Every structure is written in C-alpha cells, then in structure tokens.
Amino acid sequence: MTKISPSPPSHLVAGNINALSSGSVIDEYIIERVLAKGGFSTVYLARQLKDQQQVAIKEYNPKHLVAREGNTIIPIDPASAKLFQRGRELFLKEATLLTTLKHPNIVRVINFFLCNNTAYLVMNYDYGITLGNWLKNPDNLVNTEFLLDVFQPVMRCIKNMHHRGLLHLDIKPDNILLRPLNNPLILDFGSALPYKDQQNRNAHSMTKGYAAPEQYNASKQLGPWSDCYSIGCSMRVCLDRTEPLLSTDHRAIEKRPSAHQRYKPHIDEKVLYAIDWAMQYSPSKRPQSIDDLLNATNYR
C-alpha cells in the first residue's frame with residue numbers, strides 16, 4: 001500500500017478530482033467511462049482484462065479531502081490525510097462486509113483492492129436507473145403497485161441484514177437501483193453498522209432527511225426502527241417528489257400533512273398508514289422490526 005506523504009504538495013486543492021480517463025488500467029481492469037459521481041466516490045464502468053466482462057468499479061475519493069495527480073489520489077494537507085486514511089479504512093470495511101452479504105437485492109462484490117493510493121470496490125454491473133433519478137422524470141408515475149414492487153424487496157433485504165446483526169442506516173432513493181420490472185438493488189452499504197458497535201457510529205455518514213432522529217444523537221440507541229424510518233421516508237419522497245424534511249425539524253414536521261391525509265385518494269390506505277407509522281419521531285412509536293413494517297404493507 002502506498003504511504004501518504006505527511007507534507008503533501010502545497011498546490012493541491014480540494015475538489016480537484018478529475019475522473020480516471022477511458023483506457024486507464026487499474027489492477028486487472030480497464031476503465032471505460034464514468035457511471036456516477038458523488039462527494040466521496042466515483043463509479044466507473046470497466047472491463048476485466050482477462051475475459052472482457054463488464055463490471056462497475058467504485059473509487060474512494062472524498063472531494064473535500066483530496067486532489068488527483070496523474071492517477072494518484074493525494075490528501076491536500078496533513079489534517080486531511082488523517083481523515084482520508086480513516087475513510088479509506090471504512091471503505092474497505094464496507095467492501096469486506098459486502099462480500100459476506102448474499103441476497104438477490106444486494107449488489108454483488110467481485111473484488112476489492114488498493115491502487116493509486118486509494119481503494120477500489122469491484123461489483124457486478126447491473127443495467128438500470130437509480131430510484132432518485134427515476135423520480136426526476138415527471139412522466140414516471142408512482143402508485144401503490146410501484147411502491148410495493150420496489151420497497152417490499154428492499155424491506156426483505158434489510159430484514160436479512162438485521163438477522164445478521166447489521167443496520168443499514170442509509171436507505172434512500174439514490175442508493176436503490178431500479179432494474180427491469182422495477183426489481184430493486186441496494187447499492188451502498190458505507191454506513192452499515194453492527195448492533196454491538198454503536199460506539200463507533202460517529203465515523204459513519206448519514207443523509208440528512210433520510211436519517212432517523214436518533215442518528216443525530218449519540219446517546220440514543222439505534223435499531224431496526226432506524227432503518228424503518230429511512231424506508232418510510234424514501235416511500236414518502238416517492239410520493240412528494242421533493243427532498244425530505246430534516247427528521248429533527250419538529251416545527252416543519254408538525255405542519256406537514258400525513259401521507260394518509262395527502263394521498264388517500266390515490267394510494268392504498270394500508271400503505272399510507274405504514275409510511276406514517278415508520279416516520280414517527282419517537283423510535284418506540286415506529287415499527288420495531290422490518291417484519292412489522294412488511295406486515296403493515298402486505299395486503300396482496
């Protein structure tokens with residue numbers, strides 16, 4: 001593994017992250033093009049050199065901490081270097097975790113490795129569009145069947161994680177890939193946390209709006225009810241087509257009509273009640289398990 005210089009060059013500027021160019025070779029793969037970019041990573045379409053099989057490769061490159069020189073990722077200063085190293089450790093932890101999770105609605109990890117002073121995660125390449133991008137098209141209509149087609153498999157997938165003692169903690173539309181027939185695939189597990197490892201929760205990222213209220217308070221216990229909140233919130237966003245309210249913004253939440261009040265004529269009441277139940281502020285008032293939430297939506 002390449003060591004990080006304690007005194008990075010002074011000309012490096014955070015955010016100066018050009019994507020790897022088409023034709024770049026890393027480990028056993030050749031880069032074709034960028035599939036997606038985020039604040040912490042870039043996902044590429046690539047091919048395995050040995051058999052030309054298409055794969056997706058996720059590169060760890062937190063834009064606020066690093067710059068790129070050639071193909072190499074370099075922290076911009078010593079303070080950033082420490083944060084980068086910790087983040088890279090968590091990235092590899094996610095990769096290790098994903099190799100142990102086998103489920104038809106979880107992205108399948110093929111390989112992970114260190115290169116260019118950073119870490120890479122190699123996954124099966126699946127054709128589809130993220131739910132977040134799908135929702136941006138006003139011609140795509142959300143009805144009861146769509147919500148159940150997408151979110152009941154997501155719930156079963158998260159239930160499988162819970163049975164293994166893991167919480168996901170970052171369910172959101174951008175982390176759900178819609179394959180043909182709206183068959184969902186959960187893409188990102190960077191915030192996953194074992195039930196028994198909650199003292200390290202500060203090292204895990206969360207998404208404002210989708211994160212349950214207790215995720216903002218280190219003294220509060222996380223549990224299946226936390227993932228229930230994120231699932232309910234994601235379902236509500238499919239109906240609202242707007243970014244969710246911050247879960248700790250009591251005043252705004254009190255003013256917001258319930259899903260049942262707003263969408264009763266168009267969406268099955270049982271599903272709407274399930275959304276409202278999952279999004280209760282108090283963890284004790286939410287479903288306590290994914291089975292509870294599944295049963296609340298299971299009318300077909």
# chains A, B, ... in the order shown; residues from 1 in each chain; ligands from 1
call {"tool": "residues_around", "arguments": {"residues": "A:Leu45", "least_positions_apart": "3", "cutoff": "12 Å", "atoms": "only C-alpha atoms", "output": "NGL selection string"}}
result
:A and (19-24 or 29-37 or 42 or 48 or 52-59 or 121-127)
call {"tool": "select_by_dssp", "arguments": {"residues": "stretch 45-77 of chain A", "states": "strand (DSSP E or B)", "output": "list of chain:residue names"}}
result
A:Leu45, A:Ala46, A:Arg47, A:Gln48, A:Gln54, A:Val55, A:Ala56, A:Ile57, A:Lys58, A:Glu59, A:Tyr60, A:Val66, A:Ala67, A:Arg68, A:Glu69, A:Thr72, A:Ile73, A:Ile74, A:Pro75
call {"tool": "write_last_selection", "arguments": {"atoms": "N, CA, C and O atoms", "output": "compact mmCIF listing (two decimals), in the first residue's frame"}}
result
# COMPACT_ATOMS: atom_id res chain seq x y z
N LEU A 45 -17.71 2.39 -15.23
CA LEU A 45 -17.91 1.16 -15.99
C LEU A 45 -16.54 0.72 -16.47
O LEU A 45 -15.75 1.52 -16.98
N ALA A 46 -16.24 -0.55 -16.28
CA ALA A 46 -14.92 -1.07 -16.66
C ALA A 46 -15.07 -2.50 -17.18
O ALA A 46 -16.17 -3.07 -17.16
N ARG A 47 -13.96 -3.05 -17.66
CA ARG A 47 -13.93 -4.44 -18.11
C ARG A 47 -12.76 -5.17 -17.48
O ARG A 47 -11.70 -4.58 -17.27
N GLN A 48 -12.99 -6.43 -17.18
CA GLN A 48 -11.90 -7.28 -16.72
C GLN A 48 -10.99 -7.59 -17.91
O GLN A 48 -11.48 -7.95 -18.99
N GLN A 54 -17.93 -6.93 -18.28
CA GLN A 54 -18.19 -5.60 -17.75
C GLN A 54 -18.43 -5.66 -16.24
O GLN A 54 -19.12 -6.54 -15.74
N VAL A 55 -17.87 -4.67 -15.53
CA VAL A 55 -18.03 -4.55 -14.09
C VAL A 55 -18.21 -3.07 -13.76
O VAL A 55 -17.94 -2.19 -14.58
N ALA A 56 -18.67 -2.82 -12.55
CA ALA A 56 -18.71 -1.45 -12.02
C ALA A 56 -17.64 -1.34 -10.95
O ALA A 56 -17.51 -2.22 -10.10
N ILE A 57 -16.84 -0.27 -10.99
CA ILE A 57 -15.77 -0.07 -10.02
C ILE A 57 -15.98 1.24 -9.29
O ILE A 57 -16.11 2.30 -9.90
N LYS A 58 -16.03 1.15 -7.98
CA LYS A 58 -16.22 2.32 -7.13
C LYS A 58 -14.87 2.74 -6.55
O LYS A 58 -14.19 1.95 -5.92
N GLU A 59 -14.50 3.99 -6.81
CA GLU A 59 -13.22 4.54 -6.34
C GLU A 59 -13.46 5.47 -5.16
O GLU A 59 -14.29 6.38 -5.24
N TYR A 60 -12.74 5.28 -4.06
CA TYR A 60 -12.86 6.18 -2.91
C TYR A 60 -12.06 7.44 -3.17
O TYR A 60 -10.84 7.41 -3.34
N VAL A 66 -9.13 15.54 -0.86
CA VAL A 66 -8.06 15.07 -1.74
C VAL A 66 -8.06 15.79 -3.09
O VAL A 66 -9.01 16.48 -3.46
N ALA A 67 -6.96 15.61 -3.80
CA ALA A 67 -6.82 16.02 -5.21
C ALA A 67 -6.18 14.85 -5.94
O ALA A 67 -5.73 13.88 -5.33
N ARG A 68 -6.15 14.94 -7.26
CA ARG A 68 -5.53 13.87 -8.04
C ARG A 68 -4.33 14.41 -8.80
O ARG A 68 -4.41 15.46 -9.43
N GLU A 69 -3.22 13.68 -8.73
CA GLU A 69 -2.05 13.96 -9.55
C GLU A 69 -1.79 12.75 -10.42
O GLU A 69 -1.45 11.68 -9.90
N THR A 72 -3.07 9.24 -9.27
CA THR A 72 -2.92 9.06 -7.83
C THR A 72 -3.75 10.05 -7.03
O THR A 72 -3.78 11.25 -7.32
N ILE A 73 -4.43 9.54 -6.01
CA ILE A 73 -5.22 10.36 -5.10
C ILE A 73 -4.32 10.78 -3.93
O ILE A 73 -3.69 9.94 -3.29
N ILE A 74 -4.27 12.10 -3.67
CA ILE A 74 -3.37 12.64 -2.64
C ILE A 74 -4.15 13.58 -1.73
O ILE A 74 -4.80 14.52 -2.20
N PRO A 75 -4.08 13.36 -0.40
CA PRO A 75 -4.71 14.31 0.53
C PRO A 75 -4.08 15.70 0.39
O PRO A 75 -2.90 15.84 0.10
call {"tool": "atom_distance", "arguments": {"atom1": "atom CA of A:His266", "atom2": "atom CA of A:Arg286"}}
result
23.7 Å
call {"tool": "select_by_dssp", "arguments": {"residues": "stretch 23-99 of chain A", "states": "helix (DSSP H, G or I)", "output": "count of residues only"}}
result
22
call {"tool": "residues_around", "arguments": {"residues": "stretch 176-179 of chain A", "least_positions_apart": "6", "cutoff": "12 Å", "atoms": "only C-alpha atoms", "output": "ChimeraX atom specification"}}
result
/A:104-107,125-135,146-147,149-151,153-155,157,170,185-189,231,234-235
call {"tool": "residues_around", "arguments": {"residues": "stretch 205-211 of chain A", "least_positions_apart": "3", "cutoff": "8 Å", "atoms": "only C-alpha atoms", "output": "PDB file with N, CA and C atoms, in the first residue's frame"}}
result
ATOM      1  N   LEU A 169     -28.759   1.953   7.788  1.00  0.00           N
ATOM      2  CA  LEU A 169     -28.655   3.352   8.221  1.00  0.00           C
ATOM      3  C   LEU A 169     -28.504   4.383   7.094  1.00  0.00           C
ATOM      4  N   ASP A 170     -28.736   3.989   5.848  1.00  0.00           N
ATOM      5  CA  ASP A 170     -28.668   4.991   4.775  1.00  0.00           C
ATOM      6  C   ASP A 170     -29.524   4.588   3.574  1.00  0.00           C
ATOM      7  N   ILE A 171     -30.714   4.069   3.851  1.00  0.00           N
ATOM      8  CA  ILE A 171     -31.639   3.778   2.754  1.00  0.00           C
ATOM      9  C   ILE A 171     -32.177   5.097   2.204  1.00  0.00           C
ATOM     10  N   LYS A 172     -32.081   5.260   0.896  1.00  0.00           N
ATOM     11  CA  LYS A 172     -32.584   6.465   0.225  1.00  0.00           C
ATOM     12  C   LYS A 172     -32.702   6.154  -1.265  1.00  0.00           C
ATOM     13  N   GLY A 190     -22.062   1.851   2.909  1.00  0.00           N
ATOM     14  CA  GLY A 190     -20.986   2.540   3.601  1.00  0.00           C
ATOM     15  C   GLY A 190     -21.311   2.981   5.011  1.00  0.00           C
ATOM     16  N   SER A 191     -22.601   3.033   5.365  1.00  0.00           N
ATOM     17  CA  SER A 191     -22.990   3.446   6.715  1.00  0.00           C
ATOM     18  C   SER A 191     -23.405   2.277   7.589  1.00  0.00           C
ATOM     19  N   ASN A 202     -20.080   7.561  15.119  1.00  0.00           N
ATOM     20  CA  ASN A 202     -19.696   8.891  14.651  1.00  0.00           C
ATOM     21  C   ASN A 202     -18.856   8.836  13.382  1.00  0.00           C
ATOM     22  N   GLN A 215     -30.294   9.117  14.935  1.00  0.00           N
ATOM     23  CA  GLN A 215     -28.965   9.096  14.330  1.00  0.00           C
ATOM     24  C   GLN A 215     -28.202  10.395  14.577  1.00  0.00           C
ATOM     25  N   TYR A 216     -28.913  11.435  14.981  1.00  0.00           N
ATOM     26  CA  TYR A 216     -28.274  12.722  15.281  1.00  0.00           C
ATOM     27  C   TYR A 216     -27.846  12.824  16.740  1.00  0.00           C
ATOM     28  N   SER A 226     -34.690   2.334  13.211  1.00  0.00           N
ATOM     29  CA  SER A 226     -33.978   3.403  12.499  1.00  0.00           C
ATOM     30  C   SER A 226     -34.030   3.171  10.997  1.00  0.00           C
ATOM     31  N   TYR A 229     -37.475   3.960   9.641  1.00  0.00           N
ATOM     32  CA  TYR A 229     -37.691   5.386   9.365  1.00  0.00           C
ATOM     33  C   TYR A 229     -37.205   5.734   7.958  1.00  0.00           C
ATOM     34  N   SER A 230     -35.992   5.304   7.605  1.00  0.00           N
ATOM     35  CA  SER A 230     -35.421   5.633   6.294  1.00  0.00           C
ATOM     36  C   SER A 230     -36.240   5.045   5.152  1.00  0.00           C
ATOM     37  N   CYS A 233     -39.428   7.084   4.936  1.00  0.00           N
ATOM     38  CA  CYS A 233     -39.097   8.387   4.366  1.00  0.00           C
ATOM     39  C   CYS A 233     -38.871   8.276   2.861  1.00  0.00           C
ATOM     40  N   SER A 234     -38.196   7.238   2.411  1.00  0.00           N
ATOM     41  CA  SER A 234     -37.957   7.047   0.977  1.00  0.00           C
ATOM     42  C   SER A 234     -39.269   6.833   0.233  1.00  0.00           C
ATOM     43  N   GLU A 243     -37.267  16.843  -1.722  1.00  0.00           N
ATOM     44  CA  GLU A 243     -36.346  16.388  -0.689  1.00  0.00           C
ATOM     45  C   GLU A 243     -37.081  16.317   0.654  1.00  0.00           C
ATOM     46  N   PRO A 244     -36.754  15.326   1.477  1.00  0.00           N
ATOM     47  CA  PRO A 244     -37.469  15.177   2.749  1.00  0.00           C
ATOM     48  C   PRO A 244     -37.091  16.254   3.759  1.00  0.00           C
ATOM     49  N   LEU A 245     -37.989  16.481   4.695  1.00  0.00           N
ATOM     50  CA  LEU A 245     -37.699  17.391   5.799  1.00  0.00           C
ATOM     51  C   LEU A 245     -36.673  16.766   6.727  1.00  0.00           C
ATOM     52  N   LEU A 246     -35.864  17.596   7.363  1.00  0.00           N
ATOM     53  CA  LEU A 246     -34.928  17.108   8.370  1.00  0.00           C
ATOM     54  C   LEU A 246     -35.729  16.464   9.488  1.00  0.00           C
ATOM     55  N   SER A 247     -35.360  15.246   9.876  1.00  0.00           N
ATOM     56  CA  SER A 247     -36.166  14.497  10.843  1.00  0.00           C
ATOM     57  C   SER A 247     -36.208  15.144  12.215  1.00  0.00           C
TER      58      SER A 247
END
call {"tool": "atom_distance", "arguments": {"atom1": "atom CA of A:Asn116", "atom2": "atom CA of A:Ser41"}}
result
13.8 Å
call {"tool": "residues_around", "arguments": {"residues": "A:Gly165", "least_positions_apart": "4", "cutoff": "7 Å", "atoms": "only C-alpha atoms", "output": "PDB file with C-alpha atoms, in the first residue's frame"}}
result
ATOM      1  CA  MET A 161     -29.153  -7.718   7.298  1.00  0.00           C
ATOM      2  CA  PRO A 194     -23.275  -3.809  13.706  1.00  0.00           C
ATOM      3  CA  TYR A 195     -25.790  -3.507  16.536  1.00  0.00           C
TER       4      TYR A 195
END
call {"tool": "closest_residue", "arguments": {"among": "A:Leu65, A:Leu148, A:Cys115, A:Ala79", "to": "A:Val25", "atoms": "only C-alpha atoms"}}
result
A:Cys115
call {"tool": "atom_distance", "arguments": {"atom1": "atom CA of A:Tyr273", "atom2": "atom CA of A:Arg156"}}
result
19.1 Å
